[in-house]
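Notes to accompany the following structure.
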Amino acid sequence: MLHVYTGDGKGKTTAALGVLVRAIGAGKKIAWVAFDKGGDDYNERITIRERFPEVNFHATGLNRIDEKGKFRFGVTDQDKQEGERGLAIVRDLFANNQHDLIILDEINSSTSLGIVAEADILAILDTKPPNMELILTGRNAPQSFRDSCDLMTEMKLHKHYFYNGTKARPGIDY
Ligand code: ATP
Ligand code: MG
């Protein structure tokens with residue numbers, strides 16, 4: 001099945017992490033490819049690398065947080081090169097067909113930002129092995145992903161402490 005977790009509220013990446021925890025318990029083979037998420041700021045990576053080394057984990061993208069802790073907006077050629085690197089990993093994973101569950105974290109947002117090309121992803125999706133479960137996360141999922149998925153959940157923003165001035169906190173937001 002193809003899942004899409006999108007929307008502007010919190011909970012997309014963490015929903016995928018919840019499925020990952022459940023799937024590990026069921027003995028499934030899992031790969032996680034993160035797009036546009038370079039750097040070491042994401043604590044789920046520590047959990048996966050140290051506690052679940054059997055998960056085939058790949059991070060792509062440049063660091064979006066600079067030395068001063070500021071978020072870098074915009075898309076550079078290097079961001080796109082990293083997107084290409086991520087797609088090449090996904091092509092290999094599909095061709096080798098060694099996993100039961102693959103999570104492409106922030107692929108939706110990366111597509112809407114132009115870091116990866118929607119047509120390239122649709123071509124890759126056509127090669128998905130039928131028994132492989134695939135989860136696409138991130139804001140602004142393109143209409144084509146929404147049309148072709150079997151499950152879509154839209155996280156709706158009702159409240160977020162960010163708008164009251166609370167910055168992202170380790171262990172809760174990243
Ligand atoms: P999470 O990783 O917590 O499940 P997410 O994957 O749904 O969040 P992203 O768009 O990937 O959300 O953004 C990740 C970070 O941005 C998290 O720190 C999250 O708390 C924060 N965030 C999520 N939604 C909002 C929002 N509407 N406004 C500001 N920050 C947000
Ligand atoms: Mg996310």
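In the structure tokens, the first chain shown is A, the next is B, and so on; residue numbers restart at 1 for each chain, and ligands run from 1 in the order shown.
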
Where in region 1-165 of chain A does DSSP assign strand (DSSP E or B), given as a ChimeraX atom specification? /A:2-6,30-34,56-59,65,71,101-105,133-137,151-154

Return as a PyMOL selection string the residues of protein, DNA or RNA that approach ligand 2 to within 10 Å, with only C-alpha atoms and all ligand atoms taken into account. chain A and resi 5-6+8-16+34-35+37+105-109+137-139+173-174

Go ahead and save the picked residues with N, CA, C and O atoms, as a compact mmCIF listing (two decimals), in the first residue's frame.
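Output saved as again.txt:
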# COMPACT_ATOMS: atom_id res chain seq x y z
N TYR A 5 1.31 10.95 4.29
CA TYR A 5 1.04 11.73 5.50
C TYR A 5 1.43 13.17 5.18
O TYR A 5 2.62 13.47 4.99
N THR A 6 0.43 14.04 5.12
CA THR A 6 0.71 15.42 4.72
C THR A 6 -0.07 16.39 5.60
O THR A 6 -0.61 16.00 6.64
N ASP A 8 -0.42 20.62 7.36
CA ASP A 8 0.43 21.63 8.00
C ASP A 8 0.53 21.46 9.52
O ASP A 8 1.17 22.27 10.18
N GLY A 9 -0.11 20.46 10.07
CA GLY A 9 0.00 20.23 11.51
C GLY A 9 1.13 19.27 11.83
O GLY A 9 1.62 18.55 10.96
N LYS A 10 1.53 19.25 13.10
CA LYS A 10 2.59 18.35 13.54
C LYS A 10 2.12 16.90 13.51
O LYS A 10 0.97 16.62 13.83
N GLY A 11 3.00 15.99 13.17
CA GLY A 11 2.69 14.57 13.32
C GLY A 11 2.96 13.68 12.12
O GLY A 11 2.70 12.48 12.18
N LYS A 12 3.51 14.23 11.04
CA LYS A 12 3.72 13.43 9.84
C LYS A 12 4.91 12.48 10.00
O LYS A 12 4.77 11.27 9.85
N THR A 13 6.07 13.05 10.28
CA THR A 13 7.26 12.21 10.46
C THR A 13 7.07 11.27 11.65
O THR A 13 7.44 10.09 11.58
N THR A 14 6.48 11.78 12.72
CA THR A 14 6.32 10.93 13.91
C THR A 14 5.30 9.81 13.66
O THR A 14 5.43 8.74 14.25
N ALA A 15 4.31 10.04 12.80
CA ALA A 15 3.39 8.94 12.44
C ALA A 15 4.17 7.84 11.73
O ALA A 15 3.98 6.65 12.00
N ALA A 16 5.06 8.23 10.82
CA ALA A 16 5.88 7.24 10.11
C ALA A 16 6.78 6.50 11.10
O ALA A 16 6.97 5.27 10.99
N ALA A 34 15.57 9.81 4.17
CA ALA A 34 15.16 11.17 4.50
C ALA A 34 15.64 12.12 3.41
O ALA A 34 16.79 12.04 2.98
N PHE A 35 14.74 12.99 2.97
CA PHE A 35 15.06 14.01 1.97
C PHE A 35 15.16 15.38 2.63
O PHE A 35 14.40 15.68 3.55
N LYS A 37 17.07 16.68 4.70
CA LYS A 37 17.21 16.59 6.15
C LYS A 37 18.62 16.20 6.52
O LYS A 37 18.85 15.17 7.17
N ASP A 105 10.90 10.12 4.00
CA ASP A 105 10.53 11.23 4.88
C ASP A 105 10.80 12.56 4.18
O ASP A 105 11.88 12.77 3.64
N GLU A 106 9.83 13.43 4.23
CA GLU A 106 9.87 14.78 3.62
C GLU A 106 9.97 14.74 2.09
O GLU A 106 10.39 15.72 1.47
N ILE A 107 9.53 13.65 1.48
CA ILE A 107 9.54 13.63 0.01
C ILE A 107 8.45 14.53 -0.55
O ILE A 107 8.62 15.14 -1.61
N ASN A 108 7.33 14.66 0.16
CA ASN A 108 6.24 15.52 -0.35
C ASN A 108 6.70 16.97 -0.39
O ASN A 108 6.57 17.65 -1.42
N SER A 109 7.23 17.45 0.72
CA SER A 109 7.69 18.84 0.79
C SER A 109 8.84 19.07 -0.17
O SER A 109 8.93 20.12 -0.82
N THR A 137 6.06 11.17 3.46
CA THR A 137 5.67 12.21 4.43
C THR A 137 6.07 13.59 3.93
O THR A 137 6.93 13.74 3.06
N GLY A 138 5.47 14.59 4.55
CA GLY A 138 5.83 15.98 4.30
C GLY A 138 4.63 16.81 3.86
O GLY A 138 3.65 16.29 3.33
N ARG A 139 4.76 18.10 4.12
CA ARG A 139 3.71 19.05 3.74
C ARG A 139 3.52 19.10 2.24
O ARG A 139 4.44 18.76 1.49
N ASP A 173 10.14 17.90 19.07
CA ASP A 173 9.92 18.41 17.71
C ASP A 173 10.97 17.93 16.72
O ASP A 173 10.77 18.02 15.51
N TYR A 174 12.10 17.50 17.23
CA TYR A 174 13.14 16.94 16.34
C TYR A 174 14.02 16.02 17.15
O TYR A 174 13.89 15.93 18.38

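The two atoms in question, CA of Leu93 (chain A) and CA of Lys128 (chain A), are spaced 9.2 Å apart.
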
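Among the candidate residues A:Glu67, A:Phe94, A:Leu101, A:Arg169, the one lying nearest to Val21 (chain A) is A:Leu101, with distances computed using only C-alpha atoms.
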